[in-house]
file structure35.pdb (PDB, C-alpha atoms)
ATOM      1  CA  MET A  11      11.917  -7.681   4.257  1.00  0.00           C
ATOM      2  CA  GLU A  12       8.129  -7.899   4.687  1.00  0.00           C
ATOM      3  CA  ALA A  13       8.450  -7.836   8.472  1.00  0.00           C
ATOM      4  CA  GLU A  14      10.670  -4.740   8.260  1.00  0.00           C
ATOM      5  CA  VAL A  15       7.875  -2.735   6.634  1.00  0.00           C
ATOM      6  CA  PHE A  16       5.860  -2.888   9.803  1.00  0.00           C
ATOM      7  CA  LYS A  17       8.845  -1.829  11.941  1.00  0.00           C
ATOM      8  CA  LEU A  18       8.985   1.560  10.223  1.00  0.00           C
ATOM      9  CA  PHE A  19       6.426   3.056  12.568  1.00  0.00           C
ATOM     10  CA  ASP A  20       6.291   3.229  16.324  1.00  0.00           C
ATOM     11  CA  PRO A  21       3.787   0.594  17.475  1.00  0.00           C
ATOM     12  CA  SER A  22       3.113   2.623  20.607  1.00  0.00           C
ATOM     13  CA  GLN A  23       1.520   5.312  18.429  1.00  0.00           C
ATOM     14  CA  ASP A  24      -2.245   5.066  18.336  1.00  0.00           C
ATOM     15  CA  THR A  25      -4.033   4.725  15.016  1.00  0.00           C
ATOM     16  CA  ILE A  26      -6.377   7.609  14.263  1.00  0.00           C
ATOM     17  CA  ASP A  27      -9.932   6.650  15.248  1.00  0.00           C
ATOM     18  CA  ALA A  28      -9.045   2.960  15.415  1.00  0.00           C
ATOM     19  CA  GLN A  29     -12.505   2.165  16.780  1.00  0.00           C
ATOM     20  CA  VAL A  30     -13.928   2.915  13.296  1.00  0.00           C
ATOM     21  CA  ILE A  31     -11.856   0.154  11.665  1.00  0.00           C
ATOM     22  CA  PRO A  32     -13.812  -3.120  11.366  1.00  0.00           C
ATOM     23  CA  THR A  33     -10.754  -5.236  12.177  1.00  0.00           C
ATOM     24  CA  ASP A  34     -12.797  -8.448  12.083  1.00  0.00           C
ATOM     25  CA  LYS A  35     -13.379  -7.796   8.362  1.00  0.00           C
ATOM     26  CA  LEU A  36      -9.749  -7.096   7.465  1.00  0.00           C
ATOM     27  CA  ASP A  37      -8.804 -10.563   6.238  1.00  0.00           C
ATOM     28  CA  PHE A  38      -6.327  -9.529   3.501  1.00  0.00           C
ATOM     29  CA  SER A  39      -8.900 -10.192   0.775  1.00  0.00           C
ATOM     30  CA  VAL A  40      -9.411  -7.660  -2.009  1.00  0.00           C
ATOM     31  CA  GLY A  41     -12.991  -7.223  -0.782  1.00  0.00           C
ATOM     32  CA  SER A  42     -11.712  -6.114   2.624  1.00  0.00           C
ATOM     33  CA  LEU A  43     -10.325  -2.977   0.987  1.00  0.00           C
ATOM     34  CA  SER A  44     -13.911  -1.656   0.813  1.00  0.00           C
ATOM     35  CA  HIS A  45     -13.868  -1.609   4.615  1.00  0.00           C
ATOM     36  CA  LEU A  46     -10.505   0.159   4.591  1.00  0.00           C
ATOM     37  CA  GLU A  47     -11.933   2.769   2.207  1.00  0.00           C
ATOM     38  CA  THR A  48     -14.825   3.387   4.610  1.00  0.00           C
ATOM     39  CA  TYR A  49     -12.232   4.072   7.303  1.00  0.00           C
ATOM     40  CA  LEU A  50     -10.197   6.300   4.969  1.00  0.00           C
ATOM     41  CA  ASP A  51     -13.367   8.277   4.151  1.00  0.00           C
ATOM     42  CA  HIS A  52     -13.856   8.823   7.880  1.00  0.00           C
ATOM     43  CA  VAL A  53     -10.252  10.034   8.256  1.00  0.00           C
ATOM     44  CA  ARG A  54     -10.615  12.324   5.208  1.00  0.00           C
ATOM     45  CA  ASN A  55     -13.355  14.212   7.019  1.00  0.00           C
ATOM     46  CA  GLN A  56     -11.041  14.953   9.947  1.00  0.00           C
ATOM     47  CA  LYS A  57      -8.171  17.424  10.040  1.00  0.00           C
ATOM     48  CA  HIS A  58      -5.265  15.199  11.046  1.00  0.00           C
ATOM     49  CA  SER A  59      -1.614  15.942  10.433  1.00  0.00           C
ATOM     50  CA  GLY A  60       1.856  15.127  11.660  1.00  0.00           C
ATOM     51  CA  ARG A  61       2.846  11.852  13.288  1.00  0.00           C
ATOM     52  CA  PRO A  62      -0.716  10.487  13.737  1.00  0.00           C
ATOM     53  CA  LEU A  63      -1.409  10.940  10.018  1.00  0.00           C
ATOM     54  CA  LEU A  64       1.919   9.378   8.995  1.00  0.00           C
ATOM     55  CA  THR A  65       1.317   6.395  11.270  1.00  0.00           C
ATOM     56  CA  MET A  66      -2.151   5.899   9.777  1.00  0.00           C
ATOM     57  CA  VAL A  67      -0.798   6.131   6.218  1.00  0.00           C
ATOM     58  CA  LEU A  68       1.963   3.610   6.959  1.00  0.00           C
ATOM     59  CA  ARG A  69      -0.490   1.158   8.487  1.00  0.00           C
ATOM     60  CA  SER A  70      -3.178   1.588   5.842  1.00  0.00           C
ATOM     61  CA  GLY A  71      -0.693   1.545   2.958  1.00  0.00           C
ATOM     62  CA  GLY A  72       1.012  -1.481   4.472  1.00  0.00           C
ATOM     63  CA  TYR A  73      -2.343  -3.247   4.536  1.00  0.00           C
ATOM     64  CA  VAL A  74      -3.090  -2.354   0.899  1.00  0.00           C
ATOM     65  CA  GLY A  75       0.347  -3.626  -0.115  1.00  0.00           C
ATOM     66  CA  GLU A  76      -0.101  -6.854   1.804  1.00  0.00           C
ATOM     67  CA  VAL A  77      -3.457  -7.454   0.100  1.00  0.00           C
ATOM     68  CA  ILE A  78      -1.690  -7.096  -3.253  1.00  0.00           C
ATOM     69  CA  ARG A  79       1.260  -9.230  -2.218  1.00  0.00           C
ATOM     70  CA  ARG A  80      -0.891 -12.031  -0.829  1.00  0.00           C
ATOM     71  CA  ASN A  81      -3.410 -12.122  -3.683  1.00  0.00           C
ATOM     72  CA  ALA A  82      -1.137 -11.667  -6.700  1.00  0.00           C
ATOM     73  CA  SER A  83       0.818 -14.528  -8.212  1.00  0.00           C
ATOM     74  CA  HIS A  84       2.742 -16.225  -5.435  1.00  0.00           C
ATOM     75  CA  GLY A  85       6.154 -14.768  -4.678  1.00  0.00           C
ATOM     76  CA  ARG A  86       5.869 -12.012  -7.245  1.00  0.00           C
ATOM     77  CA  TRP A  87       5.755  -8.857  -5.101  1.00  0.00           C
ATOM     78  CA  HIS A  88       8.287  -7.892  -2.431  1.00  0.00           C
ATOM     79  CA  TRP A  89       8.537  -4.942  -0.068  1.00  0.00           C
ATOM     80  CA  ILE A  90      11.640  -2.823  -0.544  1.00  0.00           C
ATOM     81  CA  LYS A  91      12.762   0.471   0.909  1.00  0.00           C
ATOM     82  CA  TYR A  92      13.193   3.584  -1.203  1.00  0.00           C
ATOM     83  CA  ASP A  93      17.007   3.371  -1.246  1.00  0.00           C
ATOM     84  CA  GLU A  94      16.926  -0.206  -2.531  1.00  0.00           C
ATOM     85  CA  ALA A  95      14.373   0.741  -5.211  1.00  0.00           C
ATOM     86  CA  THR A  96      16.606   3.541  -6.509  1.00  0.00           C
ATOM     87  CA  LYS A  97      19.430   1.029  -6.957  1.00  0.00           C
ATOM     88  CA  LEU A  98      17.169  -1.271  -8.964  1.00  0.00           C
ATOM     89  CA  GLU A  99      15.705   1.580 -11.012  1.00  0.00           C
ATOM     90  CA  PRO A 100      17.404   4.998 -10.822  1.00  0.00           C
ATOM     91  CA  LYS A 101      14.255   6.716 -12.176  1.00  0.00           C
ATOM     92  CA  VAL A 102      12.576   6.068  -8.816  1.00  0.00           C
ATOM     93  CA  ALA A 103      14.910   8.720  -7.350  1.00  0.00           C
ATOM     94  CA  SER A 104      13.102  11.384  -9.388  1.00  0.00           C
ATOM     95  CA  LEU A 105      10.059  10.805  -7.153  1.00  0.00           C
ATOM     96  CA  GLY A 106      12.014  11.781  -4.066  1.00  0.00           C
ATOM     97  CA  LYS A 107      12.004  10.111  -0.693  1.00  0.00           C
ATOM     98  CA  SER A 108       8.777  10.805   1.183  1.00  0.00           C
ATOM     99  CA  ILE A 109       5.949   9.001   2.934  1.00  0.00           C
ATOM    100  CA  HIS A 110       4.678   8.098  -0.556  1.00  0.00           C
ATOM    101  CA  SER A 111       7.852   6.224  -1.403  1.00  0.00           C
ATOM    102  CA  ALA A 112       9.243   5.145   1.981  1.00  0.00           C
ATOM    103  CA  VAL A 113       8.445   1.519   1.198  1.00  0.00           C
ATOM    104  CA  ILE A 114       7.505   0.216  -2.217  1.00  0.00           C
ATOM    105  CA  LEU A 115       6.251  -3.026  -3.691  1.00  0.00           C
ATOM    106  CA  TRP A 116       8.623  -4.391  -6.308  1.00  0.00           C
ATOM    107  CA  ASP A 117       7.602  -6.926  -8.946  1.00  0.00           C
ATOM    108  CA  SER A 118      10.500  -9.362  -8.992  1.00  0.00           C
ATOM    109  CA  LYS A 119       9.156 -11.208 -12.033  1.00  0.00           C
ATOM    110  CA  HIS A 120       8.699  -8.262 -14.361  1.00  0.00           C
ATOM    111  CA  GLY A 121      12.301  -7.518 -15.222  1.00  0.00           C
ATOM    112  CA  GLY A 122      12.814  -5.675 -11.952  1.00  0.00           C
ATOM    113  CA  GLU A 123      11.379  -2.439 -13.342  1.00  0.00           C
ATOM    114  CA  ARG A 124       7.850  -2.511 -11.974  1.00  0.00           C
ATOM    115  CA  PHE A 125       7.085  -0.736  -8.727  1.00  0.00           C
ATOM    116  CA  VAL A 126       3.830   0.192  -7.017  1.00  0.00           C
ATOM    117  CA  PHE A 127       3.354   2.655  -4.196  1.00  0.00           C
ATOM    118  CA  PRO A 128       0.574   1.591  -1.806  1.00  0.00           C
ATOM    119  CA  LEU A 129       1.414   4.308   0.737  1.00  0.00           C
ATOM    120  CA  GLY A 130       1.215   6.912  -2.002  1.00  0.00           C
ATOM    121  CA  LYS A 131      -2.144   5.517  -3.079  1.00  0.00           C
ATOM    122  CA  VAL A 132      -3.497   5.895   0.454  1.00  0.00           C
ATOM    123  CA  MET A 133      -2.316   9.534   0.455  1.00  0.00           C
ATOM    124  CA  LYS A 134      -4.079  10.109  -2.881  1.00  0.00           C
ATOM    125  CA  TYR A 135      -7.251   8.562  -1.490  1.00  0.00           C
ATOM    126  CA  LEU A 136      -7.082  10.912   1.465  1.00  0.00           C
ATOM    127  CA  GLN A 137      -6.724  13.856  -0.922  1.00  0.00           C
ATOM    128  CA  ASN A 138      -9.197  12.843  -3.640  1.00  0.00           C
ATOM    129  CA  GLY A 139     -11.549  10.251  -2.195  1.00  0.00           C
ATOM    130  CA  ALA A 140     -13.076   7.368  -4.126  1.00  0.00           C
ATOM    131  CA  GLU A 141     -11.673   8.514  -7.470  1.00  0.00           C
ATOM    132  CA  ASP A 142      -8.358   7.162  -6.139  1.00  0.00           C
ATOM    133  CA  SER A 143      -9.812   3.883  -4.891  1.00  0.00           C
ATOM    134  CA  VAL A 144      -7.282   1.654  -3.136  1.00  0.00           C
ATOM    135  CA  LYS A 145      -9.517  -1.337  -3.894  1.00  0.00           C
ATOM    136  CA  PHE A 146      -9.513  -0.661  -7.638  1.00  0.00           C
ATOM    137  CA  PHE A 147      -5.750  -0.025  -7.480  1.00  0.00           C
ATOM    138  CA  ALA A 148      -5.193  -3.453  -5.897  1.00  0.00           C
ATOM    139  CA  GLU A 149      -7.601  -5.211  -8.277  1.00  0.00           C
ATOM    140  CA  VAL A 150      -5.760  -3.882 -11.340  1.00  0.00           C
ATOM    141  CA  ILE A 151      -2.312  -4.813 -10.040  1.00  0.00           C
ATOM    142  CA  ILE A 152      -3.434  -8.294  -9.010  1.00  0.00           C
ATOM    143  CA  LYS A 153      -5.153  -8.882 -12.371  1.00  0.00           C
ATOM    144  CA  GLU A 154      -2.118  -7.667 -14.323  1.00  0.00           C
ATOM    145  CA  SER A 155       0.141  -9.907 -12.234  1.00  0.00           C
ATOM    146  CA  THR A 156      -2.075 -12.913 -12.916  1.00  0.00           C
ATOM    147  CA  ASP A 157      -2.445 -12.133 -16.623  1.00  0.00           C
ATOM    148  CA  ALA A 158       1.339 -11.796 -16.975  1.00  0.00           C
ATOM    149  CA  GLN A 159       1.880 -15.366 -15.739  1.00  0.00           C
ATOM    150  CA  PRO A 160       2.252 -18.205 -18.258  1.00  0.00           C
ATOM    151  CA  GLY A 161      -1.203 -19.689 -18.626  1.00  0.00           C
ATOM    152  CA  GLY A 162      -2.814 -16.502 -17.227  1.00  0.00           C
ATOM    153  CA  ALA A 163      -5.985 -15.199 -18.804  1.00  0.00           C
TER     154      ALA A 163
END

call {"tool": "encode", "arguments": {"input": "structure35.pdb", "output": "structure tokens"}}
result
Amino acid sequence: MEAEVFKLFDPSQDTIDAQVIPTDKLDFSVGSLSHLETYLDHVRNQKHSGRPLLTMVLRSGGYVGEVIRRNASHGRWHWIKYDEATKLEPKVASLGKSIHSAVILWDSKHGGERFVFPLGKVMKYLQNGAEDSVKFFAEVIIKESTDAQPGGA
């Protein structure tokens, strides 16, 4: 399923102001999210909409989700599509299907009821700035995942 997440956008679409992204620093570490936030701040100051904005949100949210998935307890988080999430937890349907919920991270080791929305978090960052930090978001989820493991802190 992880590979499918990145098939949801058209790879021929350019990323908004891609030259601003320090790709050499995007190593899937939690610290690399500071660099992503610098890019998101740049995008916030522009007036983008439509397909370019959606493509950027999918790519940025996908990156945030992958940072969580790769740094949380091994094998814990999985990408799922909105329709699959609503089957696992019908309350997810109350959120509606949108860019925020197109793909979701599901915690397979938490009774199947825990979901996080990295794409939605990117949208909130674009709306509100640093008060909706994607780095802090990832840090909290990763810490909670680690603490929930037997022998976790």

call {"tool": "closest_atom_pairs", "arguments": {"input": "structure35.pdb", "of": "range 29-49 of chain A", "to": "range 75-83 of chain A", "cutoff": "9 Å", "atoms": "only C-alpha atoms", "output": "tab-separated table"}}
result
residue	atom	partner	partner_atom	distance
A:Asp37	CA	A:Val77	CA	8.7
A:Phe38	CA	A:Val77	CA	4.9
A:Ser39	CA	A:Val77	CA	6.1
A:Val40	CA	A:Val77	CA	6.3
A:Ser42	CA	A:Val77	CA	8.7
A:Leu43	CA	A:Val77	CA	8.2

call {"tool": "closest_residue", "arguments": {"input": "structure35.pdb", "among": "A:Phe125, A:Trp116, A:Tyr92, A:Tyr73", "to": "Glu47 in chain A", "atoms": "only C-alpha atoms"}}
result
A:Tyr73

call {"tool": "residues_around", "arguments": {"input": "structure35.pdb", "residues": "Leu50 in chain A", "least_positions_apart": "2", "cutoff": "9 Å", "atoms": "all atoms listed in the file", "output": "VMD selection string"}}
result
chain A and resid 45 to 48 52 to 55 70 132 135 to 136 139

call {"tool": "atom_distance", "arguments": {"input": "structure35.pdb", "atom1": "CA of His88 in chain A", "atom2": "CA of Ser59 in chain A"}}
result
28.8 Å

call {"tool": "atom_distance", "arguments": {"input": "structure35.pdb", "atom1": "CA of Ala103 in chain A", "atom2": "CA of Leu129 in chain A"}}
result
16.3 Å

call {"tool": "atom_distance", "arguments": {"input": "structure35.pdb", "atom1": "CA of Asp24 in chain A", "atom2": "CA of Thr65 in chain A"}}
result
8.0 Å

call {"tool": "residues_around", "arguments": {"input": "structure35.pdb", "residues": "Ile26 in chain A", "least_positions_apart": "4", "cutoff": "9 Å", "atoms": "all atoms listed in the file", "output": "ChimeraX atom specification"}}
result
/A:30,53,58,62-63,65-66

call {"tool": "write_last_selection", "arguments": {"input": "structure35.pdb", "atoms": "C-alpha atoms", "output": "tab-separated table (two decimals), in the frame of the given file"}}
result
chain	number	residue	atom	x	y	z
A	30	VAL	CA	-13.93	2.92	13.30
A	53	VAL	CA	-10.25	10.03	8.26
A	58	HIS	CA	-5.26	15.20	11.05
A	62	PRO	CA	-0.72	10.49	13.74
A	63	LEU	CA	-1.41	10.94	10.02
A	65	THR	CA	1.32	6.40	11.27
A	66	MET	CA	-2.15	5.90	9.78

call {"tool": "resolve_selection", "arguments": {"input": "structure35.pdb", "expression": "the PyMOL selection byres ((chain A and resi 128) around 9)", "output": "mmCIF file with C-alpha atoms, in the frame of the given file"}}
result
data_model
loop_
_atom_site.group_PDB
_atom_site.id
_atom_site.type_symbol
_atom_site.label_atom_id
_atom_site.label_comp_id
_atom_site.auth_asym_id
_atom_site.auth_seq_id
_atom_site.Cartn_x
_atom_site.Cartn_y
_atom_site.Cartn_z
ATOM 1 C CA SER A 70 -3.178 1.588 5.842
ATOM 2 C CA GLY A 71 -0.693 1.545 2.958
ATOM 3 C CA GLY A 72 1.012 -1.481 4.472
ATOM 4 C CA TYR A 73 -2.343 -3.247 4.536
ATOM 5 C CA VAL A 74 -3.090 -2.354 0.899
ATOM 6 C CA GLY A 75 0.347 -3.626 -0.115
ATOM 7 C CA HIS A 110 4.678 8.098 -0.556
ATOM 8 C CA SER A 111 7.852 6.224 -1.403
ATOM 9 C CA VAL A 113 8.445 1.519 1.198
ATOM 10 C CA ILE A 114 7.505 0.216 -2.217
ATOM 11 C CA LEU A 115 6.251 -3.026 -3.691
ATOM 12 C CA VAL A 126 3.830 0.192 -7.017
ATOM 13 C CA PHE A 127 3.354 2.655 -4.196
ATOM 14 C CA LEU A 129 1.414 4.308 0.737
ATOM 15 C CA GLY A 130 1.215 6.912 -2.002
ATOM 16 C CA LYS A 131 -2.144 5.517 -3.079
ATOM 17 C CA VAL A 132 -3.497 5.895 0.454
ATOM 18 C CA MET A 133 -2.316 9.534 0.455
ATOM 19 C CA VAL A 144 -7.282 1.654 -3.136
ATOM 20 C CA PHE A 147 -5.750 -0.025 -7.480
ATOM 21 C CA ALA A 148 -5.193 -3.453 -5.897
#

call {"tool": "closest_residue", "arguments": {"input": "structure35.pdb", "among": "A:Ala112, A:Ile31, A:Ile152, A:Leu105", "to": "Lys91 in chain A", "atoms": "all atoms listed in the file"}}
result
A:Ala112

call {"tool": "closest_residue", "arguments": {"input": "structure35.pdb", "among": "A:Ser155, A:Gln137, A:Thr96, A:Lys145", "to": "Asp117 in chain A", "atoms": "only C-alpha atoms"}}
result
A:Ser155

call {"tool": "closest_residue", "arguments": {"input": "structure35.pdb", "among": "A:Val67, A:Lys153, A:Gln56, A:Gly106", "to": "Lys134 in chain A", "atoms": "all atoms listed in the file"}}
result
A:Val67

call {"tool": "build_atoms", "arguments": {"input": "structure35.pdb", "residues": "range 73-106 of chain A", "atoms": "N, CA and C atoms", "output": "mmCIF file, in the frame of the given file"}}
result
data_model
loop_
_atom_site.group_PDB
_atom_site.id
_atom_site.type_symbol
_atom_site.label_atom_id
_atom_site.label_comp_id
_atom_site.auth_asym_id
_atom_site.auth_seq_id
_atom_site.Cartn_x
_atom_site.Cartn_y
_atom_site.Cartn_z
ATOM 1 N N TYR A 73 -1.255 -2.277 4.716
ATOM 2 C CA TYR A 73 -2.343 -3.247 4.536
ATOM 3 C C TYR A 73 -2.681 -3.399 3.053
ATOM 4 N N VAL A 74 -2.800 -2.293 2.334
ATOM 5 C CA VAL A 74 -3.090 -2.354 0.899
ATOM 6 C C VAL A 74 -2.009 -3.168 0.186
ATOM 7 N N GLY A 75 -0.760 -2.892 0.504
ATOM 8 C CA GLY A 75 0.347 -3.626 -0.115
ATOM 9 C C GLY A 75 0.315 -5.105 0.198
ATOM 10 N N GLU A 76 -0.021 -5.435 1.428
ATOM 11 C CA GLU A 76 -0.101 -6.854 1.804
ATOM 12 C C GLU A 76 -1.246 -7.557 1.092
ATOM 13 N N VAL A 77 -2.354 -6.867 0.876
ATOM 14 C CA VAL A 77 -3.457 -7.454 0.100
ATOM 15 C C VAL A 77 -2.963 -7.773 -1.305
ATOM 16 N N ILE A 78 -2.237 -6.859 -1.914
ATOM 17 C CA ILE A 78 -1.690 -7.096 -3.253
ATOM 18 C C ILE A 78 -0.721 -8.264 -3.213
ATOM 19 N N ARG A 79 0.214 -8.202 -2.299
ATOM 20 C CA ARG A 79 1.260 -9.230 -2.218
ATOM 21 C C ARG A 79 0.670 -10.622 -2.014
ATOM 22 N N ARG A 80 -0.320 -10.721 -1.157
ATOM 23 C CA ARG A 80 -0.891 -12.031 -0.829
ATOM 24 C C ARG A 80 -1.849 -12.563 -1.893
ATOM 25 N N ASN A 81 -2.414 -11.682 -2.710
ATOM 26 C CA ASN A 81 -3.410 -12.122 -3.683
ATOM 27 C C ASN A 81 -2.894 -12.174 -5.114
ATOM 28 N N ALA A 82 -1.738 -11.593 -5.367
ATOM 29 C CA ALA A 82 -1.137 -11.667 -6.700
ATOM 30 C C ALA A 82 -0.411 -13.008 -6.821
ATOM 31 N N SER A 83 0.093 -13.278 -7.994
ATOM 32 C CA SER A 83 0.818 -14.528 -8.212
ATOM 33 C C SER A 83 1.868 -14.724 -7.134
ATOM 34 N N HIS A 84 1.898 -15.902 -6.587
ATOM 35 C CA HIS A 84 2.742 -16.225 -5.435
ATOM 36 C C HIS A 84 4.208 -15.822 -5.646
ATOM 37 N N GLY A 85 4.735 -15.117 -4.680
ATOM 38 C CA GLY A 85 6.154 -14.768 -4.678
ATOM 39 C C GLY A 85 6.547 -13.661 -5.622
ATOM 40 N N ARG A 86 5.577 -13.010 -6.222
ATOM 41 C CA ARG A 86 5.869 -12.012 -7.245
ATOM 42 C C ARG A 86 6.276 -10.656 -6.660
ATOM 43 N N TRP A 87 5.556 -10.197 -5.648
ATOM 44 C CA TRP A 87 5.755 -8.857 -5.101
ATOM 45 C C TRP A 87 6.524 -8.918 -3.786
ATOM 46 N N HIS A 88 7.446 -7.959 -3.627
ATOM 47 C CA HIS A 88 8.287 -7.892 -2.431
ATOM 48 C C HIS A 88 8.363 -6.437 -1.955
ATOM 49 N N TRP A 89 8.346 -6.268 -0.644
ATOM 50 C CA TRP A 89 8.537 -4.942 -0.068
ATOM 51 C C TRP A 89 10.019 -4.571 -0.146
ATOM 52 N N ILE A 90 10.279 -3.358 -0.576
ATOM 53 C CA ILE A 90 11.640 -2.823 -0.544
ATOM 54 C C ILE A 90 11.577 -1.372 -0.075
ATOM 55 N N LYS A 91 12.672 -0.920 0.482
ATOM 56 C CA LYS A 91 12.762 0.471 0.909
ATOM 57 C C LYS A 91 13.160 1.338 -0.287
ATOM 58 N N TYR A 92 12.910 2.612 -0.145
ATOM 59 C CA TYR A 92 13.193 3.584 -1.203
ATOM 60 C C TYR A 92 14.628 3.466 -1.723
ATOM 61 N N ASP A 93 15.602 3.417 -0.818
ATOM 62 C CA ASP A 93 17.007 3.371 -1.246
ATOM 63 C C ASP A 93 17.310 2.141 -2.099
ATOM 64 N N GLU A 94 16.733 1.012 -1.744
ATOM 65 C CA GLU A 94 16.926 -0.206 -2.531
ATOM 66 C C GLU A 94 16.259 -0.068 -3.898
ATOM 67 N N ALA A 95 15.084 0.548 -3.941
ATOM 68 C CA ALA A 95 14.373 0.741 -5.211
ATOM 69 C C ALA A 95 15.178 1.621 -6.166
ATOM 70 N N THR A 96 15.824 2.658 -5.636
ATOM 71 C CA THR A 96 16.606 3.541 -6.509
ATOM 72 C C THR A 96 17.819 2.832 -7.102
ATOM 73 N N LYS A 97 18.320 1.814 -6.403
ATOM 74 C CA LYS A 97 19.430 1.029 -6.957
ATOM 75 C C LYS A 97 18.947 0.119 -8.077
ATOM 76 N N LEU A 98 17.736 -0.406 -7.934
ATOM 77 C CA LEU A 98 17.169 -1.271 -8.964
ATOM 78 C C LEU A 98 16.713 -0.475 -10.186
ATOM 79 N N GLU A 99 16.190 0.715 -9.937
ATOM 80 C CA GLU A 99 15.705 1.580 -11.012
ATOM 81 C C GLU A 99 15.966 3.033 -10.634
ATOM 82 N N PRO A 100 17.041 3.623 -11.192
ATOM 83 C CA PRO A 100 17.404 4.998 -10.822
ATOM 84 C C PRO A 100 16.292 6.027 -11.035
ATOM 85 N N LYS A 101 15.347 5.763 -11.942
ATOM 86 C CA LYS A 101 14.255 6.716 -12.176
ATOM 87 C C LYS A 101 13.378 6.905 -10.938
ATOM 88 N N VAL A 102 13.368 5.948 -10.039
ATOM 89 C CA VAL A 102 12.576 6.068 -8.816
ATOM 90 C C VAL A 102 13.060 7.269 -8.006
ATOM 91 N N ALA A 103 14.349 7.588 -8.098
ATOM 92 C CA ALA A 103 14.910 8.720 -7.350
ATOM 93 C C ALA A 103 14.249 10.040 -7.733
ATOM 94 N N SER A 104 13.741 10.139 -8.955
ATOM 95 C CA SER A 104 13.102 11.384 -9.388
ATOM 96 C C SER A 104 11.812 11.655 -8.612
ATOM 97 N N LEU A 105 11.269 10.632 -7.966
ATOM 98 C CA LEU A 105 10.059 10.805 -7.153
ATOM 99 C C LEU A 105 10.371 11.437 -5.806
ATOM 100 N N GLY A 106 11.613 11.275 -5.363
ATOM 101 C CA GLY A 106 12.014 11.781 -4.066
ATOM 102 C C GLY A 106 11.582 10.858 -2.947
#
